[in-house]
$ cat final_0.txt   # compact mmCIF, C-alpha atoms
# COMPACT_ATOMS: atom_id res chain seq x y z
CA MET N 1 -49.56 -182.51 112.82
CA ASP N 2 -51.56 -181.25 115.77
CA ILE N 3 -48.76 -178.81 116.63
CA LEU N 4 -48.70 -177.64 113.03
CA CYS N 5 -52.46 -177.10 112.89
CA HIS N 6 -52.44 -175.29 116.24
CA ALA N 7 -50.00 -172.78 114.75
CA LEU N 8 -51.71 -172.47 111.36
CA GLU N 9 -55.26 -172.21 112.68
CA SER N 10 -54.45 -169.62 115.31
CA TYR N 11 -52.44 -167.60 112.77
CA THR N 12 -55.35 -167.62 110.28
CA ALA N 13 -58.09 -167.21 112.88
CA ARG N 14 -60.61 -164.42 112.69
CA PRO N 15 -58.89 -161.20 113.87
CA TYR N 16 -59.55 -160.16 117.45
CA THR N 17 -60.56 -156.71 116.21
CA SER N 18 -63.56 -158.20 114.36
CA TYR N 19 -65.32 -159.16 117.59
CA GLU N 20 -67.58 -156.90 119.57
CA ARG N 21 -65.53 -155.31 122.32
CA LYS N 22 -66.14 -156.89 125.72
CA ARG N 23 -65.27 -156.16 129.31
CA PRO N 24 -62.50 -158.37 130.72
CA GLU N 25 -64.88 -160.57 132.71
CA GLU N 26 -66.93 -161.25 129.55
CA ARG N 27 -64.04 -162.35 127.36
CA VAL N 28 -63.74 -165.96 126.24
CA PRO N 29 -60.41 -167.82 125.95
CA TYR N 30 -60.52 -167.85 122.14
CA CYS N 31 -60.37 -164.20 121.11
CA GLY N 32 -59.06 -164.47 117.51
CA SER N 33 -55.68 -163.80 115.97
CA ASN N 34 -53.79 -161.01 117.69
CA PRO N 35 -50.22 -159.65 117.80
CA VAL N 36 -49.13 -161.72 120.81
CA ALA N 37 -50.52 -165.00 119.47
CA ASP N 38 -49.10 -164.21 116.03
CA MET N 39 -45.61 -163.97 117.50
CA TRP N 40 -45.87 -167.45 119.04
CA SER N 41 -47.45 -168.99 115.96
CA GLU N 42 -44.82 -167.59 113.61
CA ARG N 43 -42.02 -168.86 115.82
CA ALA N 44 -43.63 -172.30 116.00
CA LEU N 45 -43.89 -172.45 112.20
CA GLN N 46 -40.23 -171.50 111.85
CA LEU N 47 -39.24 -174.31 114.22
CA LEU N 48 -41.50 -176.76 112.38
CA SER N 49 -39.94 -175.86 109.05
CA ARG N 50 -36.51 -176.90 110.37
CA SER N 51 -37.41 -179.90 112.48
CA PHE N 52 -40.66 -181.60 111.47
CA ARG N 53 -39.23 -183.94 108.85
CA ALA N 54 -36.07 -184.66 110.84
CA ALA N 55 -37.98 -185.56 113.99
CA VAL N 56 -40.34 -187.88 112.10
CA ARG N 57 -37.53 -189.48 110.11
CA ASP N 58 -35.30 -190.18 113.11
CA GLY N 59 -36.79 -190.49 116.56
CA ASP N 60 -33.29 -190.45 118.03
CA ASP N 61 -32.59 -186.95 116.70
CA ASN N 62 -32.83 -185.25 120.05
CA GLU N 63 -32.10 -181.79 118.68
CA ALA N 64 -35.02 -182.02 116.24
CA ARG N 65 -37.28 -183.45 118.91
CA ALA N 66 -36.32 -180.65 121.31
CA ARG N 67 -37.21 -178.05 118.67
CA MET N 68 -40.54 -179.83 118.10
CA ALA N 69 -41.23 -179.72 121.84
CA LEU N 70 -40.49 -176.00 121.81
CA ALA N 71 -42.75 -175.58 118.77
CA ALA N 72 -45.52 -177.37 120.65
CA THR N 73 -45.15 -174.94 123.55
CA PHE N 74 -45.08 -171.86 121.32
CA ALA N 75 -48.05 -173.05 119.23
CA GLY N 76 -49.92 -173.75 122.47
CA LEU N 77 -49.29 -170.21 123.66
CA GLY N 78 -50.63 -168.99 120.32
CA PHE N 79 -53.81 -171.00 120.02
CA GLY N 80 -54.48 -170.82 123.76
CA ASN N 81 -55.82 -167.30 123.29
CA ALA N 82 -56.29 -166.92 119.52
CA GLY N 83 -58.14 -170.22 119.07
CA VAL N 84 -58.35 -172.94 116.44
CA HIS N 85 -61.03 -173.38 113.81
CA ILE N 86 -62.15 -175.64 110.94
CA PRO N 87 -59.59 -178.49 110.96
CA HIS N 88 -60.10 -179.00 114.69
CA ALA N 89 -63.88 -178.72 114.38
CA ASN N 90 -63.79 -181.46 111.73
CA ALA N 91 -61.47 -183.61 113.82
CA TYR N 92 -64.05 -184.29 116.53
CA PRO N 93 -66.59 -186.14 114.36
CA ILE N 94 -63.81 -187.81 112.35
CA ALA N 95 -62.43 -189.30 115.56
CA GLY N 96 -65.77 -189.77 117.26
CA ARG N 97 -67.52 -191.71 114.51
CA VAL N 98 -64.68 -194.08 113.59
CA ARG N 99 -65.76 -197.70 113.23
CA ASP N 100 -62.85 -199.98 112.37
CA PHE N 101 -59.62 -198.03 111.93
CA ARG N 102 -56.78 -199.19 114.17
CA PRO N 103 -53.56 -197.23 113.61
CA GLU N 104 -50.19 -198.89 113.70
CA GLY N 105 -48.39 -198.52 117.01
CA TYR N 106 -51.51 -197.92 119.10
CA PRO N 107 -53.46 -200.38 121.28
CA GLY N 108 -55.65 -202.45 118.99
CA ASP N 109 -58.52 -203.23 121.31
CA GLU N 110 -60.58 -200.21 120.22
CA PRO N 111 -60.87 -198.37 116.89
CA MET N 112 -59.50 -194.85 116.99
CA VAL N 113 -58.18 -192.00 114.87
CA PRO N 114 -55.22 -190.28 116.58
CA HIS N 115 -55.93 -186.60 117.06
CA GLY N 116 -53.12 -185.34 114.83
CA MET N 117 -54.34 -187.51 111.96
CA ALA N 118 -57.95 -186.39 112.45
CA VAL N 119 -56.95 -182.71 112.43
CA ALA N 120 -54.59 -182.98 109.46
CA LEU N 121 -57.04 -184.86 107.27
CA THR N 122 -59.11 -181.83 106.26
CA ALA N 123 -56.47 -179.11 106.81
CA PRO N 124 -55.50 -178.66 103.12
CA GLU N 125 -59.13 -178.22 102.06
CA ALA N 126 -59.93 -176.08 105.08
CA PHE N 127 -57.17 -173.62 104.20
CA ARG N 128 -58.30 -173.52 100.58
CA PHE N 129 -61.70 -172.49 101.93
CA THR N 130 -60.37 -169.83 104.31
CA PHE N 131 -57.82 -168.34 101.89
CA GLU N 132 -60.10 -165.63 100.53
CA ALA N 133 -60.67 -164.18 104.00
CA GLN N 134 -56.97 -163.48 104.63
CA PRO N 135 -54.81 -164.20 101.56
CA GLU N 136 -51.71 -162.51 102.97
CA ARG N 137 -51.83 -164.59 106.16
CA HIS N 138 -52.08 -167.85 104.25
CA VAL N 139 -49.16 -166.89 102.00
CA ARG N 140 -47.05 -165.83 104.97
CA ALA N 141 -47.81 -169.10 106.79
CA ALA N 142 -46.75 -171.13 103.73
CA GLU N 143 -43.50 -169.17 103.47
CA LEU N 144 -42.71 -169.68 107.14
CA LEU N 145 -43.42 -173.40 106.90
CA ASP N 146 -41.38 -173.92 103.73
CA PRO N 147 -39.10 -170.95 102.93
CA SER N 148 -37.78 -172.71 99.81
CA ALA N 149 -41.21 -173.28 98.24
CA ALA N 150 -41.97 -171.41 95.03
CA ARG N 151 -45.15 -169.37 94.95
CA PRO N 152 -47.73 -170.99 92.65
CA ASP N 153 -49.69 -168.90 90.16
CA ASP N 154 -52.81 -169.55 92.22
CA LEU N 155 -51.86 -168.38 95.70
CA ALA N 156 -54.86 -170.18 97.18
CA GLU N 157 -52.91 -173.39 96.47
CA PHE N 158 -49.74 -172.26 98.25
CA LEU N 159 -50.47 -173.33 101.83
CA PRO N 160 -52.42 -176.49 100.87
CA GLY N 161 -49.52 -177.47 98.60
CA VAL N 162 -46.91 -176.96 101.31
CA LEU N 163 -49.06 -178.98 103.72
CA ALA N 164 -49.53 -181.80 101.24
CA ARG N 165 -45.80 -182.09 100.62
CA LEU N 166 -45.15 -182.21 104.34
CA MET N 167 -47.82 -184.84 104.89
CA ARG N 168 -46.62 -187.01 102.03
CA GLY N 169 -43.27 -187.35 103.74
CA ARG N 170 -44.83 -189.18 106.66
CA ARG N 171 -45.32 -192.94 106.52
CA ASP N 172 -48.54 -192.74 108.54
CA ALA N 173 -49.94 -189.66 106.81
CA PRO N 174 -53.73 -189.67 106.34
CA THR N 175 -54.17 -189.68 102.57
CA ALA N 176 -57.95 -189.89 102.57
CA SER N 177 -60.89 -190.14 104.92
CA ALA N 178 -61.45 -193.46 103.14
CA ALA N 179 -58.35 -194.70 104.97
CA PHE N 180 -60.35 -194.35 108.18
CA GLY N 181 -63.31 -196.19 106.71
CA TYR N 182 -65.35 -193.15 105.67
CA THR N 183 -67.14 -192.71 102.34
CA GLU N 184 -69.25 -189.94 100.84
CA ALA N 185 -72.25 -191.53 102.52
CA ASP N 186 -70.74 -190.50 105.87
CA VAL N 187 -70.29 -186.84 104.94
CA PRO N 188 -73.71 -185.58 106.14
CA ALA N 189 -73.22 -187.08 109.61
CA LEU N 190 -69.64 -185.81 109.80
CA ALA N 191 -70.75 -182.32 108.74
CA GLU N 192 -73.47 -182.36 111.37
CA GLY N 193 -70.82 -183.20 113.95
CA THR N 194 -68.63 -180.37 112.72
CA MET N 195 -71.46 -177.86 113.05
CA ARG N 196 -71.84 -178.77 116.70
CA GLN N 197 -68.36 -177.32 117.32
CA GLN N 198 -69.49 -173.70 117.31
CA ARG N 199 -66.92 -172.76 119.95
CA LEU N 200 -64.27 -173.46 117.29
CA LEU N 201 -66.16 -172.40 114.17
CA ALA N 202 -66.74 -168.99 115.71
CA THR N 203 -62.99 -168.43 115.32
CA ALA N 204 -62.94 -169.28 111.61
CA PRO N 205 -62.03 -166.31 109.38
CA ARG N 206 -65.04 -167.10 107.15
CA PRO N 207 -68.55 -168.08 108.23
CA VAL N 208 -69.02 -171.85 107.93
CA ASP N 209 -72.41 -173.40 107.31
CA GLU N 210 -73.28 -177.07 107.01
CA ASP N 211 -72.90 -177.07 103.22
CA ASP N 212 -69.43 -175.53 103.55
CA ALA N 213 -68.41 -178.14 106.11
CA ALA N 214 -69.77 -180.94 103.95
CA GLY N 215 -67.85 -179.64 100.95
CA ILE N 216 -64.56 -179.54 102.86
CA LEU N 217 -65.15 -183.05 104.20
CA ARG N 218 -66.22 -184.39 100.80
CA ARG N 219 -63.16 -182.96 99.06
CA SER N 220 -61.02 -184.61 101.74
CA ILE N 221 -62.24 -188.10 100.82
CA ALA N 222 -58.98 -188.34 98.85
CA LEU N 223 -56.22 -185.79 99.46
CA TRP N 224 -54.04 -186.90 96.56
$ encode --input "final_0.txt" --output "structure tokens"
Amino acid sequence: MDILCHALESYTARPYTSYERKRPEERVPYCGSNPVADMWSERALQLLSRSFRAAVRDGDDNEARARMALAATFAGLGFGNAGVHIPHANAYPIAGRVRDFRPEGYPGDEPMVPHGMAVALTAPEAFRFTFEAQPERHVRAAELLDPSAARPDDLAEFLPGVLARLMRGRRDAPTASAAFGYTEADVPALAEGTMRQQRLLATAPRPVDEDDAAGILRRSIALW
């Protein structure tokens, strides 16, 4: 899920042309979506569409796992200069404030939320929020991730719907922040933690304030 969100967030990041032009020595690593990063992100999404379910379903499927490793590399090349945004910004407080959750298959001596779970948890709602900034990008990402998916009447639901179907196919999919022990009472503290991630939020295609972050987190209390 982290690979997937790397590709989706960099592909939907604020365009590099929207930033004030800087001299090379002033440029930061996250410069927004751009043609080079787009190429890597699109290729990663194409690989994910063919291999994600197969690799999760059968850990001995070496071909699927090899394609996932390649997708990880391509998505890394994409987000390494375009950047990530809201789902990753939310992931830090989700992981950092966990109290009791101990995921299956991990050491049980400390509570933790694995990074991929923390990122994926708010991704559907985050992409509903960002849709209006770049509708065509969100539609294209959904089509790359699931070429067989029918376009819904409300295109804002296209990418969140594709994501939800992909997540539902995983046994360990995060279905709600409640699964990690969070309730609505935790939303203000989580949103405060999100707002501290300005390095990431600066790459979001829409401005994000604390109320926006709280809304995304609150609507992710239960994904389905």
$ atom_distance --input "final_0.txt" --atom1 "CA of Asp38 (chain N)" --atom2 "CA of Ile216 (chain N)"
25.4 Å
$ residues_around --input "final_0.txt" --residues "region 137-153 of chain N" --least-positions-apart "6" --cutoff "7 Å" --atoms "only C-alpha atoms" --output "VMD selection string"
chain N and resid 8 12 45 to 46 48 to 49 131 159 162
$ closest_residue --input "final_0.txt" --among "N:Gln197, N:Asp186, N:Arg218, N:Phe127" --to "Arg99 (chain N)" --atoms "all atoms listed in the file"
N:Asp186
$ closest_residue --input "final_0.txt" --among "N:Arg21, N:Met1, N:Ile86, N:Gly80" --to "Arg53 (chain N)" --atoms "all atoms listed in the file"
N:Met1
$ closest_residue --input "final_0.txt" --among "N:Leu77, N:Val98, N:Ala222, N:Cys31" --to "Glu184 (chain N)" --atoms "only C-alpha atoms"
N:Ala222
$ closest_residue --input "final_0.txt" --among "N:Arg168, N:Arg50, N:Arg199, N:Arg128" --to "Leu155 (chain N)" --atoms "all atoms listed in the file"
N:Arg128
$ closest_residue --input "final_0.txt" --among "N:Trp40, N:Phe180, N:Phe158, N:Phe129" --to "Arg219 (chain N)" --atoms "all atoms listed in the file"
N:Phe129
$ residues_around --input "final_0.txt" --residues "Ser41 (chain N)" --least-positions-apart "3" --cutoff "7 Å" --atoms "all atoms listed in the file" --output "PyMOL selection string"
chain N and resi 7+11+37-38+44-45+74-75+78
$ residues_around --input "final_0.txt" --residues "region 109-112 of chain N" --least-positions-apart "2" --cutoff "10 Å" --atoms "all atoms listed in the file" --output "count of residues only"
16
$ closest_residue --input "final_0.txt" --among "N:Pro135, N:Gly76, N:Pro35, N:Pro87" --to "Thr194 (chain N)" --atoms "all atoms listed in the file"
N:Pro87
$ residues_around --input "final_0.txt" --residues "Ala54 (chain N)" --least-positions-apart "3" --cutoff "12 Å" --atoms "only C-alpha atoms" --output "PyMOL selection string"
chain N and resi 47-51+57-68+166+169-170
$ residues_near_point --input "final_0.txt" --point "(-67.6, -178.1, 100.5)" --cutoff "12 Å" --atoms "all atoms listed in the file" --output "PyMOL selection string"
chain N and resi 122+125-130+184+187-188+191+208-221
$ atom_distance --input "final_0.txt" --atom1 "CA of Pro24 (chain N)" --atom2 "CA of Ala82 (chain N)"
15.4 Å
$ build_atoms --input "final_0.txt" --residues "region 28-51 of chain N" --atoms "N, CA and C atoms" --output "compact mmCIF listing (two decimals), in the frame of the given file"
# COMPACT_ATOMS: atom_id res chain seq x y z
N VAL N 28 -63.92 -164.52 126.31
CA VAL N 28 -63.74 -165.96 126.24
C VAL N 28 -62.28 -166.26 125.94
N PRO N 29 -61.83 -167.50 126.20
CA PRO N 29 -60.41 -167.82 125.95
C PRO N 29 -59.99 -167.64 124.50
N TYR N 30 -60.87 -167.96 123.55
CA TYR N 30 -60.52 -167.85 122.14
C TYR N 30 -60.97 -166.48 121.63
N CYS N 31 -60.01 -165.58 121.44
CA CYS N 31 -60.37 -164.20 121.11
C CYS N 31 -59.98 -163.81 119.69
N GLY N 32 -59.46 -164.78 118.87
CA GLY N 32 -59.06 -164.47 117.51
C GLY N 32 -57.59 -164.12 117.41
N SER N 33 -57.09 -164.10 116.18
CA SER N 33 -55.68 -163.80 115.97
C SER N 33 -55.37 -162.40 116.50
N ASN N 34 -54.19 -162.27 117.07
CA ASN N 34 -53.79 -161.01 117.69
C ASN N 34 -52.26 -160.95 117.70
N PRO N 35 -51.68 -159.78 117.93
CA PRO N 35 -50.22 -159.65 117.80
C PRO N 35 -49.42 -160.59 118.70
N VAL N 36 -49.88 -160.85 119.91
CA VAL N 36 -49.13 -161.72 120.81
C VAL N 36 -49.18 -163.16 120.32
N ALA N 37 -50.39 -163.64 119.98
CA ALA N 37 -50.52 -165.00 119.47
C ALA N 37 -49.77 -165.17 118.15
N ASP N 38 -49.81 -164.14 117.31
CA ASP N 38 -49.10 -164.21 116.03
C ASP N 38 -47.61 -164.47 116.23
N MET N 39 -47.03 -163.80 117.22
CA MET N 39 -45.61 -163.97 117.50
C MET N 39 -45.30 -165.43 117.82
N TRP N 40 -46.11 -166.05 118.67
CA TRP N 40 -45.87 -167.45 119.04
C TRP N 40 -46.10 -168.38 117.86
N SER N 41 -47.14 -168.13 117.09
CA SER N 41 -47.45 -168.99 115.96
C SER N 41 -46.36 -168.92 114.89
N GLU N 42 -45.88 -167.73 114.60
CA GLU N 42 -44.82 -167.59 113.61
C GLU N 42 -43.56 -168.32 114.06
N ARG N 43 -43.22 -168.18 115.32
CA ARG N 43 -42.02 -168.86 115.82
C ARG N 43 -42.19 -170.37 115.76
N ALA N 44 -43.38 -170.86 116.08
CA ALA N 44 -43.63 -172.30 116.00
C ALA N 44 -43.48 -172.80 114.57
N LEU N 45 -44.00 -172.04 113.60
CA LEU N 45 -43.89 -172.45 112.20
C LEU N 45 -42.44 -172.46 111.74
N GLN N 46 -41.65 -171.52 112.20
CA GLN N 46 -40.23 -171.50 111.85
C GLN N 46 -39.51 -172.74 112.40
N LEU N 47 -39.83 -173.11 113.63
CA LEU N 47 -39.24 -174.31 114.22
C LEU N 47 -39.69 -175.56 113.48
N LEU N 48 -40.97 -175.62 113.13
CA LEU N 48 -41.50 -176.76 112.38
C LEU N 48 -40.82 -176.91 111.03
N SER N 49 -40.54 -175.79 110.38
CA SER N 49 -39.94 -175.86 109.05
C SER N 49 -38.56 -176.50 109.10
N ARG N 50 -37.87 -176.36 110.22
CA ARG N 50 -36.51 -176.90 110.37
C ARG N 50 -36.49 -178.31 110.92
N SER N 51 -37.54 -178.69 111.65
CA SER N 51 -37.41 -179.90 112.48
C SER N 51 -38.46 -180.97 112.24
